[in-house]
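Listing of upload29.pdb, PDB, C-alpha atoms
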```
ATOM      1  CA  MET A1478     -23.229 -15.076   3.022
ATOM      2  CA  ALA A1479     -25.111 -12.182   1.415
ATOM      3  CA  THR A1480     -22.874  -9.654  -0.327
ATOM      4  CA  ARG A1481     -23.054  -6.269   1.347
ATOM      5  CA  THR A1482     -23.807  -3.346  -0.950
ATOM      6  CA  ASP A1483     -24.953  -0.592   1.439
ATOM      7  CA  PHE A1484     -21.515   0.804   2.298
ATOM      8  CA  PRO A1485     -21.102   4.490   3.097
ATOM      9  CA  PRO A1486     -19.074   6.523   0.570
ATOM     10  CA  VAL A1487     -15.321   6.114   0.895
ATOM     11  CA  ARG A1488     -13.795   9.105   2.707
ATOM     12  CA  ALA A1489     -10.201   7.861   2.990
ATOM     13  CA  CYS A1490      -7.918   5.829   0.727
ATOM     14  CA  LEU A1491      -4.929   4.147   2.371
ATOM     15  CA  PHE A1492      -2.147   2.920   0.099
ATOM     16  CA  ASP A1493       0.585   0.353   0.229
ATOM     17  CA  MET A1494       3.540   1.303  -1.997
ATOM     18  CA  ASP A1495       5.779  -1.560  -3.182
ATOM     19  CA  GLY A1496       4.183  -3.471  -6.032
ATOM     20  CA  LEU A1497       1.046  -1.346  -5.743
ATOM     21  CA  LEU A1498       2.167   2.184  -6.603
ATOM     22  CA  LEU A1499       5.715   1.449  -7.813
ATOM     23  CA  ASP A1500       7.114  -1.523  -9.750
ATOM     24  CA  THR A1501       9.603  -2.304  -6.984
ATOM     25  CA  GLU A1502       8.563  -5.929  -6.467
ATOM     26  CA  ASP A1503      10.367  -6.955  -9.656
ATOM     27  CA  ILE A1504      13.384  -4.948  -8.473
ATOM     28  CA  TYR A1505      13.378  -6.781  -5.137
ATOM     29  CA  THR A1506      13.339 -10.072  -7.042
ATOM     30  CA  LEU A1507      16.167  -8.938  -9.328
ATOM     31  CA  CYS A1508      18.379  -8.026  -6.362
ATOM     32  CA  ILE A1509      17.657 -11.265  -4.514
ATOM     33  CA  ASN A1510      18.230 -13.421  -7.591
ATOM     34  CA  LYS A1511      21.625 -11.810  -8.211
ATOM     35  CA  ILE A1512      22.729 -12.941  -4.752
ATOM     36  CA  LEU A1513      21.161 -16.383  -5.104
ATOM     37  CA  GLU A1514      22.835 -16.923  -8.484
ATOM     38  CA  LYS A1515      26.199 -15.888  -7.069
ATOM     39  CA  HIS A1516      25.935 -18.711  -4.523
ATOM     40  CA  GLY A1517      24.552 -21.329  -6.884
ATOM     41  CA  ARG A1518      21.033 -21.164  -5.530
ATOM     42  CA  PRO A1519      17.841 -21.267  -7.650
ATOM     43  CA  ASN A1520      15.888 -18.090  -8.366
ATOM     44  CA  LEU A1521      13.309 -16.923  -5.838
ATOM     45  CA  PRO A1522      10.001 -18.714  -6.620
ATOM     46  CA  TRP A1523       6.630 -17.023  -6.235
ATOM     47  CA  SER A1524       5.672 -19.595  -3.610
ATOM     48  CA  ILE A1525       8.284 -17.993  -1.312
ATOM     49  CA  LYS A1526       8.029 -14.424  -2.571
ATOM     50  CA  ALA A1527       4.296 -14.431  -1.840
ATOM     51  CA  ARG A1528       5.134 -14.907   1.853
ATOM     52  CA  LEU A1529       7.702 -12.084   1.857
ATOM     53  CA  GLN A1530       5.560  -9.403   0.223
ATOM     54  CA  GLY A1531       4.162  -6.664   2.405
ATOM     55  CA  ARG A1532       5.919  -7.787   5.581
ATOM     56  CA  PRO A1533       8.342  -5.602   7.561
ATOM     57  CA  GLY A1534      12.011  -6.184   6.688
ATOM     58  CA  PRO A1535      13.023  -8.261   9.736
ATOM     59  CA  GLN A1536      10.157 -10.735   9.337
ATOM     60  CA  ALA A1537      10.603 -10.991   5.560
ATOM     61  CA  ASN A1538      14.362 -11.547   5.914
ATOM     62  CA  ALA A1539      13.855 -14.306   8.493
ATOM     63  CA  LEU A1540      11.463 -16.136   6.156
ATOM     64  CA  PHE A1541      13.853 -15.711   3.236
ATOM     65  CA  HIS A1542      16.928 -17.026   5.052
ATOM     66  CA  ASP A1543      15.011 -20.001   6.365
ATOM     67  CA  TRP A1544      14.343 -20.946   2.736
ATOM     68  CA  ALA A1545      17.549 -19.806   0.990
ATOM     69  CA  LYS A1546      20.134 -21.180   3.462
ATOM     70  CA  LEU A1547      22.852 -19.018   1.943
ATOM     71  CA  PRO A1548      26.480 -19.681   2.960
ATOM     72  CA  MET A1549      26.858 -16.176   4.345
ATOM     73  CA  SER A1550      25.882 -14.309   7.483
ATOM     74  CA  GLU A1551      22.692 -12.295   7.545
ATOM     75  CA  ALA A1552      24.805  -9.183   8.082
ATOM     76  CA  ASP A1553      26.880  -9.837   4.933
ATOM     77  CA  TYR A1554      23.723 -10.625   2.989
ATOM     78  CA  MET A1555      22.093  -7.359   4.062
ATOM     79  CA  THR A1556      25.183  -5.365   3.099
ATOM     80  CA  GLU A1557      25.167  -6.827  -0.409
ATOM     81  CA  TYR A1558      21.378  -6.690  -0.726
ATOM     82  CA  THR A1559      21.215  -3.056   0.396
ATOM     83  CA  ALA A1560      23.901  -2.020  -2.104
ATOM     84  CA  LEU A1561      21.949  -3.649  -4.933
ATOM     85  CA  GLN A1562      18.732  -1.973  -3.795
ATOM     86  CA  GLU A1563      20.346   1.461  -3.736
ATOM     87  CA  LYS A1564      21.579   0.869  -7.278
ATOM     88  CA  HIS A1565      18.292  -0.357  -8.749
ATOM     89  CA  PHE A1566      15.521   1.316  -6.706
ATOM     90  CA  ALA A1567      16.250   4.674  -8.330
ATOM     91  CA  HIS A1568      14.801   3.206 -11.549
ATOM     92  CA  ALA A1569      11.419   2.380 -10.000
ATOM     93  CA  LYS A1570       8.386   3.599 -11.964
ATOM     94  CA  PRO A1571       4.670   3.949 -11.224
ATOM     95  CA  LEU A1572       2.526   0.979 -12.170
ATOM     96  CA  PRO A1573      -0.344   1.298 -14.701
ATOM     97  CA  GLY A1574      -3.140   3.605 -13.578
ATOM     98  CA  VAL A1575      -1.334   4.925 -10.499
ATOM     99  CA  GLU A1576      -0.589   8.444 -11.706
ATOM    100  CA  GLU A1577      -4.159   9.032 -12.869
ATOM    101  CA  LEU A1578      -5.673   7.505  -9.702
ATOM    102  CA  LEU A1579      -3.579   9.595  -7.302
ATOM    103  CA  ALA A1580      -4.149  12.742  -9.345
ATOM    104  CA  LYS A1581      -7.907  12.290  -9.326
ATOM    105  CA  LEU A1582      -8.077  11.472  -5.626
ATOM    106  CA  GLY A1583      -5.849  14.438  -4.873
ATOM    107  CA  ARG A1584      -8.165  16.622  -6.919
ATOM    108  CA  THR A1585     -10.993  15.942  -4.464
ATOM    109  CA  ARG A1586      -9.300  18.525  -2.201
ATOM    110  CA  TRP A1587     -11.313  20.956  -4.301
ATOM    111  CA  PHE A1588     -14.477  20.087  -2.390
ATOM    112  CA  GLU A1589     -12.996  21.734   0.726
ATOM    113  CA  LYS A1590     -12.661  25.084  -1.066
ATOM    114  CA  PRO A1591     -15.360  27.727  -0.457
ATOM    115  CA  LYS A1592     -15.799  28.197  -4.205
ATOM    116  CA  ALA A1593     -16.359  24.479  -4.852
ATOM    117  CA  GLN A1594     -19.594  23.362  -6.430
ATOM    118  CA  GLY A1595     -21.121  19.907  -6.729
ATOM    119  CA  GLN A1596     -22.103  17.036  -4.473
ATOM    120  CA  GLY A1597     -18.686  15.517  -3.835
ATOM    121  CA  HIS A1598     -16.476  15.324  -0.753
ATOM    122  CA  ARG A1599     -12.756  15.277  -0.176
ATOM    123  CA  VAL A1600     -11.189  11.822  -0.125
ATOM    124  CA  HIS A1601      -8.288  11.904   2.326
ATOM    125  CA  ILE A1602      -5.179   9.930   1.430
ATOM    126  CA  ALA A1603      -2.489   8.250   3.521
ATOM    127  CA  LEU A1604       0.461   5.939   2.858
ATOM    128  CA  ALA A1605       1.059   2.752   4.852
ATOM    129  CA  THR A1606       4.170   0.954   3.629
ATOM    130  CA  SER A1607       6.585  -1.545   5.154
ATOM    131  CA  SER A1608       9.475   0.270   3.409
ATOM    132  CA  ASN A1609      11.740   2.129   5.801
ATOM    133  CA  SER A1610      12.542   5.835   5.457
ATOM    134  CA  LYS A1611      15.845   5.299   3.629
ATOM    135  CA  ASN A1612      14.360   2.965   1.019
ATOM    136  CA  PHE A1613      11.315   5.200   0.616
ATOM    137  CA  ALA A1614      13.583   8.154  -0.203
ATOM    138  CA  VAL A1615      15.506   6.176  -2.829
ATOM    139  CA  LYS A1616      12.417   4.672  -4.455
ATOM    140  CA  THR A1617      10.549   7.978  -4.715
ATOM    141  CA  GLN A1618      13.425  10.334  -5.522
ATOM    142  CA  ASN A1619      12.274  10.724  -9.121
ATOM    143  CA  TRP A1620       8.582  10.903  -8.194
ATOM    144  CA  THR A1621       8.378  13.629  -5.550
ATOM    145  CA  GLU A1622       5.519  15.388  -7.338
ATOM    146  CA  LEU A1623       3.534  12.145  -7.594
ATOM    147  CA  PHE A1624       4.003  11.382  -3.896
ATOM    148  CA  ALA A1625       3.227  14.951  -2.832
ATOM    149  CA  VAL A1626      -0.410  13.830  -2.666
ATOM    150  CA  PHE A1627       0.617  12.055   0.556
ATOM    151  CA  GLU A1628       1.163  14.818   3.093
ATOM    152  CA  SER A1629       4.214  14.095   5.241
ATOM    153  CA  HIS A1630       2.165  13.693   8.425
ATOM    154  CA  ARG A1631       0.012  11.117   6.639
ATOM    155  CA  ARG A1632       2.861   8.773   5.726
ATOM    156  CA  VAL A1633       3.426   5.701   7.897
ATOM    157  CA  LEU A1634       6.646   3.900   6.956
ATOM    158  CA  GLY A1635       8.130   0.594   8.030
ATOM    159  CA  ASP A1636      10.428   2.114  10.643
ATOM    160  CA  ASP A1637       7.751   4.304  12.220
ATOM    161  CA  PRO A1638       8.252   3.976  15.994
ATOM    162  CA  ARG A1639       4.492   4.125  16.521
ATOM    163  CA  VAL A1640       4.172   0.653  14.979
ATOM    164  CA  GLN A1641       5.385  -1.780  17.613
ATOM    165  CA  PRO A1642       7.937  -4.454  16.580
ATOM    166  CA  GLY A1643       6.136  -7.554  15.397
ATOM    167  CA  HIS A1644       2.980  -5.598  14.585
ATOM    168  CA  GLY A1645       3.560  -4.913  10.898
ATOM    169  CA  LYS A1646       1.396  -6.434   8.166
ATOM    170  CA  PRO A1647      -0.568  -8.766   8.354
ATOM    171  CA  MET A1648      -1.437  -7.155  11.689
ATOM    172  CA  PRO A1649      -3.890  -4.256  11.238
ATOM    173  CA  ASP A1650      -1.837  -1.713  13.201
ATOM    174  CA  ILE A1651      -0.260   0.163  10.285
ATOM    175  CA  TYR A1652      -3.615   0.834   8.620
ATOM    176  CA  LEU A1653      -5.275   1.863  11.868
ATOM    177  CA  LEU A1654      -2.366   4.241  12.464
ATOM    178  CA  ALA A1655      -2.668   5.626   8.928
ATOM    179  CA  LEU A1656      -6.341   6.350   9.612
ATOM    180  CA  LYS A1657      -5.371   8.030  12.887
ATOM    181  CA  THR A1658      -2.960  10.362  11.059
ATOM    182  CA  ILE A1659      -5.902  11.466   8.904
ATOM    183  CA  ASN A1660      -8.365  11.897  11.745
ATOM    184  CA  ASP A1661      -5.810  13.825  13.810
ATOM    185  CA  SER A1662      -5.446  16.349  10.979
ATOM    186  CA  LEU A1663      -9.003  16.735   9.668
ATOM    187  CA  PRO A1664     -10.322  20.265   9.135
ATOM    188  CA  LYS A1665     -12.152  21.652  12.130
ATOM    189  CA  GLY A1666     -15.725  20.420  12.220
ATOM    190  CA  GLU A1667     -15.257  17.409   9.941
ATOM    191  CA  THR A1668     -16.570  14.175  11.449
ATOM    192  CA  PRO A1669     -13.857  11.575  12.188
ATOM    193  CA  ILE A1670     -13.568   8.873   9.550
ATOM    194  CA  THR A1671     -14.492   5.319  10.546
ATOM    195  CA  PRO A1672     -12.700   2.164   9.323
ATOM    196  CA  GLN A1673     -15.641   1.151   7.110
ATOM    197  CA  GLU A1674     -15.309   4.508   5.316
ATOM    198  CA  CYS A1675     -11.725   3.581   4.356
ATOM    199  CA  LEU A1676     -10.516   1.832   1.224
ATOM    200  CA  VAL A1677      -7.163   0.034   1.465
ATOM    201  CA  PHE A1678      -5.160  -0.502  -1.742
ATOM    202  CA  GLU A1679      -2.879  -3.546  -1.599
ATOM    203  CA  ASP A1680      -0.978  -5.964  -3.808
ATOM    204  CA  SER A1681       0.194  -8.432  -1.143
ATOM    205  CA  VAL A1682      -1.714 -11.136   0.706
ATOM    206  CA  PRO A1683      -0.480 -10.028   4.171
ATOM    207  CA  GLY A1684      -1.525  -6.487   3.270
ATOM    208  CA  VAL A1685      -5.035  -7.561   2.318
ATOM    209  CA  GLU A1686      -5.320  -9.390   5.632
ATOM    210  CA  ALA A1687      -4.096  -6.282   7.479
ATOM    211  CA  GLY A1688      -6.769  -4.157   5.807
ATOM    212  CA  ARG A1689      -9.544  -6.649   6.470
ATOM    213  CA  ARG A1690      -8.532  -7.043  10.114
ATOM    214  CA  ALA A1691      -8.610  -3.251  10.449
ATOM    215  CA  GLY A1692     -12.309  -3.359   9.489
ATOM    216  CA  MET A1693     -11.718  -1.607   6.161
ATOM    217  CA  ARG A1694     -12.723  -2.261   2.570
ATOM    218  CA  VAL A1695      -9.884  -3.486   0.366
ATOM    219  CA  VAL A1696      -8.784  -3.341  -3.270
ATOM    220  CA  TRP A1697      -6.386  -6.162  -4.185
ATOM    221  CA  ALA A1698      -4.254  -5.454  -7.289
ATOM    222  CA  PRO A1699      -1.546  -8.150  -7.246
ATOM    223  CA  HIS A1700       1.448  -8.793  -9.472
ATOM    224  CA  PRO A1701       0.419 -11.187 -12.289
ATOM    225  CA  GLY A1702       2.950 -13.691 -10.960
ATOM    226  CA  LEU A1703       1.357 -13.658  -7.519
ATOM    227  CA  LYS A1704      -2.131 -13.964  -8.985
ATOM    228  CA  LYS A1705      -1.050 -17.022 -10.978
ATOM    229  CA  GLU A1706       0.689 -18.609  -7.968
ATOM    230  CA  LEU A1707      -2.428 -18.243  -5.804
ATOM    231  CA  GLU A1708      -5.014 -19.111  -8.443
ATOM    232  CA  GLY A1709      -8.030 -20.718  -6.815
ATOM    233  CA  HIS A1710      -7.451 -18.978  -3.467
ATOM    234  CA  GLU A1711      -8.920 -15.612  -4.437
ATOM    235  CA  LYS A1712     -11.935 -15.831  -2.135
ATOM    236  CA  ASP A1713      -9.777 -16.690   0.874
ATOM    237  CA  ILE A1714      -7.401 -13.825   0.057
ATOM    238  CA  LEU A1715     -10.176 -11.244  -0.274
ATOM    239  CA  ALA A1716     -11.684 -12.426   3.015
ATOM    240  CA  GLY A1717      -8.295 -12.161   4.758
ATOM    241  CA  ARG A1718      -8.409 -15.876   5.465
ATOM    242  CA  MET A1719      -5.033 -17.097   4.171
ATOM    243  CA  GLY A1720      -3.727 -17.466   7.726
ATOM    244  CA  GLU A1721      -0.798 -15.085   7.266
ATOM    245  CA  ALA A1722      -0.853 -14.034  10.920
ATOM    246  CA  GLY A1723      -1.378 -17.505  12.358
ATOM    247  CA  GLU A1724      -4.046 -17.805  15.031
ATOM    248  CA  VAL A1725      -6.159 -14.633  15.157
ATOM    249  CA  ASP A1726      -9.518 -13.499  16.452
ATOM    250  CA  MET A1727     -11.867 -14.825  13.796
ATOM    251  CA  HIS A1728     -14.211 -11.859  14.172
ATOM    252  CA  GLN A1729     -11.482  -9.720  12.551
ATOM    253  CA  LEU A1730     -11.659 -11.733   9.334
ATOM    254  CA  GLY A1731     -14.138 -11.544   6.502
ATOM    255  CA  GLU A1732     -16.270 -14.104   4.718
ATOM    256  CA  HIS A1733     -16.288 -15.267   1.119
ATOM    257  CA  ASP A1734     -18.146 -12.846  -1.187
ATOM    258  CA  ASP A1735     -19.015 -10.475   1.670
ATOM    259  CA  GLY A1736     -18.550  -7.401  -0.537
ATOM    260  CA  TRP A1737     -15.759  -5.843   1.531
ATOM    261  CA  ALA A1738     -12.908  -6.589  -0.897
ATOM    262  CA  ASP A1739     -12.447  -6.592  -4.662
ATOM    263  CA  TYR A1740      -9.796  -7.846  -7.085
ATOM    264  CA  PHE A1741      -8.518  -5.630  -9.910
ATOM    265  CA  PRO A1742      -5.769  -6.656 -12.368
ATOM    266  CA  ASP A1743      -4.354  -3.129 -12.105
ATOM    267  CA  LEU A1744      -5.440   0.396 -11.187
ATOM    268  CA  THR A1745      -6.376   1.637 -14.651
ATOM    269  CA  ASN A1746      -9.972   2.774 -15.242
ATOM    270  CA  PHE A1747     -10.721   2.724 -11.524
ATOM    271  CA  PRO A1748     -14.501   2.652 -10.803
ATOM    272  CA  TYR A1749     -14.834   5.702  -8.513
ATOM    273  CA  ASP A1750     -18.637   5.519  -8.581
ATOM    274  CA  LYS A1751     -18.587   2.048  -7.017
ATOM    275  CA  TYR A1752     -17.028   3.569  -3.896
ATOM    276  CA  GLY A1753     -19.069   6.764  -3.763
ATOM    277  CA  ILE A1754     -16.182   8.946  -4.925
ATOM    278  CA  VAL A1755     -16.851  12.031  -7.068
ATOM    279  CA  VAL A1756     -13.875  13.434  -8.997
ATOM    280  CA  PRO A1757     -13.901  17.165  -9.844
ATOM    281  CA  PRO A1758     -13.100  18.207 -13.430
ATOM    282  CA  ALA A1759      -9.431  18.617 -14.352
ATOM    283  CA  GLU A1760      -9.826  22.401 -14.734
ATOM    284  CA  VAL A1761      -9.895  22.901 -10.954
ATOM    285  CA  GLU A1762      -6.171  22.094 -10.856
ATOM    286  CA  GLU A1763      -5.552  25.499 -12.460
ATOM    287  CA  ASP A1764      -6.819  27.250  -9.348
ATOM    288  CA  PRO A1765      -3.869  28.639  -7.295
ATOM    289  CA  SER A1766      -5.344  27.221  -4.095
ATOM    290  CA  MET A1767      -4.809  23.677  -5.408
ATOM    291  CA  LYS A1768      -1.025  23.909  -5.625
ATOM    292  CA  GLN A1769       0.752  21.280  -3.519
ATOM    293  CA  ASP A1770       4.067  21.560  -1.688
ATOM    294  CA  VAL A1771       6.497  18.994  -3.108
ATOM    295  CA  SER A1772       9.352  19.983  -0.770
ATOM    296  CA  GLU A1773       7.995  18.442   2.448
ATOM    297  CA  ASP A1774      10.047  16.113   4.633
ATOM    298  CA  ILE A1775       9.712  12.403   3.901
ATOM    299  CA  VAL A1776       7.618  12.061   7.036
ATOM    300  CA  ALA A1777       6.499  14.654   9.543
ATOM    301  CA  LYS A1778       8.785  14.986  12.542
ATOM    302  CA  THR A1779       7.223  13.574  15.695
ATOM    303  CA  THR A1780       7.850  14.890  19.171
TER     304      THR A1780
END
```
File written out as structure tokens:
Amino acid sequence: MATRTDFPPVRACLFDMDGLLLDTEDIYTLCINKILEKHGRPNLPWSIKARLQGRPGPQANALFHDWAKLPMSEADYMTEYTALQEKHFAHAKPLPGVEELLAKLGRTRWFEKPKAQGQGHRVHIALATSSNSKNFAVKTQNWTELFAVFESHRRVLGDDPRVQPGHGKPMPDIYLLALKTINDSLPKGETPITPQECLVFEDSVPGVEAGRRAGMRVVWAPHPGLKKELEGHEKDILAGRMGEAGEVDMHQLGEHDDGWADYFPDLTNFPYDKYGIVVPPAEVEEDPSMKQDVSEDIVAKTT
């Protein structure tokens, strides 16, 4: 298949969080391995972890217990697991390149200001994570300024009631909803953003499939351990063809080398030009109109 190159400029960036923005995937593994070790079980291998990443909690837990066969109830496991998460998630840190990437994308707000000059446009940003509200609060408690770039009404979390049960990643619903939160809050007169004008940032295989099935372009920046585990399957992953959702409408999936998805080892030195993104100079941050509110609710209250 010919590689497409005539994409429109990216107008919206939609982000996963765990393992993409924050180093929480290693913390998840640490917490799980502590419980496994306690019961004489082997550490969690990447062959299993790869299937858990990106999925909503209930689905991920079902897959885990089917493999682990721990001599404890799921309720007791969750009590112990949650306590370990609350202890360790507070130490989560941004992954390489994240702070610079979010700062530069956030800076594109400048192009909406009357005094702005240049040929750029604002790149709208939304969060689409399988983490629930409680875990999100713990993980980001030391990074409220960093996450202020995601306005509260443009955050879709794992317990968002608008995402129907069973429709988390690798289903496309969460990314389509994230796009809807942007389009519902665009400045008056701005043309609604289409899926092909969106760029999804993901580290997990189910997340890549969700983005591809939503009709969006995708950046895949996986954990080195995941990349090594799935070596040789990169083209299937980028096409959304790893079969994470079972039987699906094939028209929702991509093709090998179709140009819609790219692999990056991390988010440092991100190639904004490749996606039609212009970043204003750092000096515009000194303008009072660019100040962001870091005291917003975790997510906007819905009625």
Determine the residue set returned by the PyMOL selection byres ((chain A and resi 1668-1683) around 6) for the present structure, and present it as a PDB file with C-alpha atoms, in the frame of the given file.
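Listing of part-v5.pdb after writing:
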```
ATOM      1  CA  VAL A1487     -15.321   6.114   0.895  1.00  0.00           C
ATOM      2  CA  ARG A1488     -13.795   9.105   2.707  1.00  0.00           C
ATOM      3  CA  ALA A1489     -10.201   7.861   2.990  1.00  0.00           C
ATOM      4  CA  CYS A1490      -7.918   5.829   0.727  1.00  0.00           C
ATOM      5  CA  LEU A1491      -4.929   4.147   2.371  1.00  0.00           C
ATOM      6  CA  PHE A1492      -2.147   2.920   0.099  1.00  0.00           C
ATOM      7  CA  ASP A1493       0.585   0.353   0.229  1.00  0.00           C
ATOM      8  CA  LEU A1497       1.046  -1.346  -5.743  1.00  0.00           C
ATOM      9  CA  GLN A1530       5.560  -9.403   0.223  1.00  0.00           C
ATOM     10  CA  GLY A1531       4.162  -6.664   2.405  1.00  0.00           C
ATOM     11  CA  LYS A1646       1.396  -6.434   8.166  1.00  0.00           C
ATOM     12  CA  PRO A1647      -0.568  -8.766   8.354  1.00  0.00           C
ATOM     13  CA  ASN A1660      -8.365  11.897  11.745  1.00  0.00           C
ATOM     14  CA  GLU A1667     -15.257  17.409   9.941  1.00  0.00           C
ATOM     15  CA  GLY A1684      -1.525  -6.487   3.270  1.00  0.00           C
ATOM     16  CA  VAL A1685      -5.035  -7.561   2.318  1.00  0.00           C
ATOM     17  CA  GLU A1686      -5.320  -9.390   5.632  1.00  0.00           C
ATOM     18  CA  GLY A1692     -12.309  -3.359   9.489  1.00  0.00           C
ATOM     19  CA  MET A1693     -11.718  -1.607   6.161  1.00  0.00           C
ATOM     20  CA  ARG A1694     -12.723  -2.261   2.570  1.00  0.00           C
ATOM     21  CA  VAL A1695      -9.884  -3.486   0.366  1.00  0.00           C
ATOM     22  CA  VAL A1696      -8.784  -3.341  -3.270  1.00  0.00           C
ATOM     23  CA  TRP A1697      -6.386  -6.162  -4.185  1.00  0.00           C
ATOM     24  CA  ALA A1698      -4.254  -5.454  -7.289  1.00  0.00           C
ATOM     25  CA  PRO A1699      -1.546  -8.150  -7.246  1.00  0.00           C
ATOM     26  CA  GLU A1721      -0.798 -15.085   7.266  1.00  0.00           C
TER      27      GLU A1721
END
```
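Here CA of Glu1711 (chain A) stands at a distance of 14.6 Å from CA of Leu1730 (chain A).
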Quick one: which residues end up in the PyMOL selection byres ((chain A and resi 1503) around 12) for this structure, as a ChimeraX atom specification? /A:1495-1497,1499-1502,1504-1510,1521,1523,1526,1530,1562,1565-1566,1568-1570,1572,1700-1703
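For the set A:Ile1714, A:Met1767, A:Met1719, A:Val1600, the residue with the smallest atom-to-atom gap to Asp1739 (chain A) is A:Ile1714, counting all atoms listed in the file.
Separating CA of Thr1745 (chain A) from CA of Glu1576 (chain A) is a distance of 9.4 Å.
Counting from CA of Val1626 (chain A), the distance to CA of Asp1650 (chain A) is 22.3 Å.
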Taking the file as I've supplied it (selection: the PyMOL selection byres ((chain A and resi 1603-1617) around 8)), which residues are included? Please answer as number ranges by chain. A: 1489-1495, 1501, 1531-1534, 1563, 1566-1569, 1601-1602, 1618-1621, 1624, 1627-1628, 1631-1637, 1645-1646, 1651-1652, 1655-1656, 1658-1659, 1775
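Take the candidates A:Gln1594, A:Gln1641, A:Thr1482, A:Asn1520 and check each one against Leu1654 (chain A) using all atoms listed in the file; the shortest distance goes to A:Gln1641.
Look at region 1538-1552 of chain A: the protein and nucleic acid residues within 8 Å of it, using all atoms listed in the file and passing over chain neighbours fewer than 4 places away, are Leu1513, His1516, Arg1518, Ile1525, Arg1528, Leu1529, Gly1534 and Thr1556 of chain A.
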Expected axis-aligned box over every listed atom of region 1635-1642 of chain A, 8 Å added per side, centre plus edges in Å to one decimal, as AutoDock Vina command-line options:
```
--center_x 7.3 --center_y -0.1 --center_z 12.8 --size_x 22.3 --size_y 24.8 --size_z 25.6
```
With distances taken over only C-alpha atoms, the candidate from A:Glu1589, A:His1733, A:Pro1748, A:Leu1498 nearest Pro1571 (chain A) is A:Leu1498
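Nearest residue to Ala1537 (chain A) among A:Lys1590, A:Ser1629, A:Gly1643, A:Thr1585 is A:Gly1643, counting all atoms listed in the file.
Distance annotation: of A:Gly1753, A:Arg1718, A:Ser1524, A:Lys1712, the residue with the minimal separation from Asp1734 (chain A) is A:Lys1712; atom set is all atoms listed in the file.
For the residues A:Lys1564, A:Arg1599, A:Arg1690, A:Arg1584, ranking by smallest atom-to-atom distance to Leu1663 (chain A) using all atoms listed in the file places A:Arg1599 first.
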As a ChimeraX atom specification, please: the residues near Asp1483 (chain A) (cut-off 10 Å, only C-alpha atoms, same-chain neighbours under 3 positions excluded). /A:1480,1486,1736
Same residues, C-alpha atoms, saved as a compact mmCIF listing (two decimals), in the coordinates of the input:
```txt
# COMPACT_ATOMS: atom_id res chain seq x y z
CA THR A 1480 -22.87 -9.65 -0.33
CA PRO A 1486 -19.07 6.52 0.57
CA GLY A 1736 -18.55 -7.40 -0.54
```
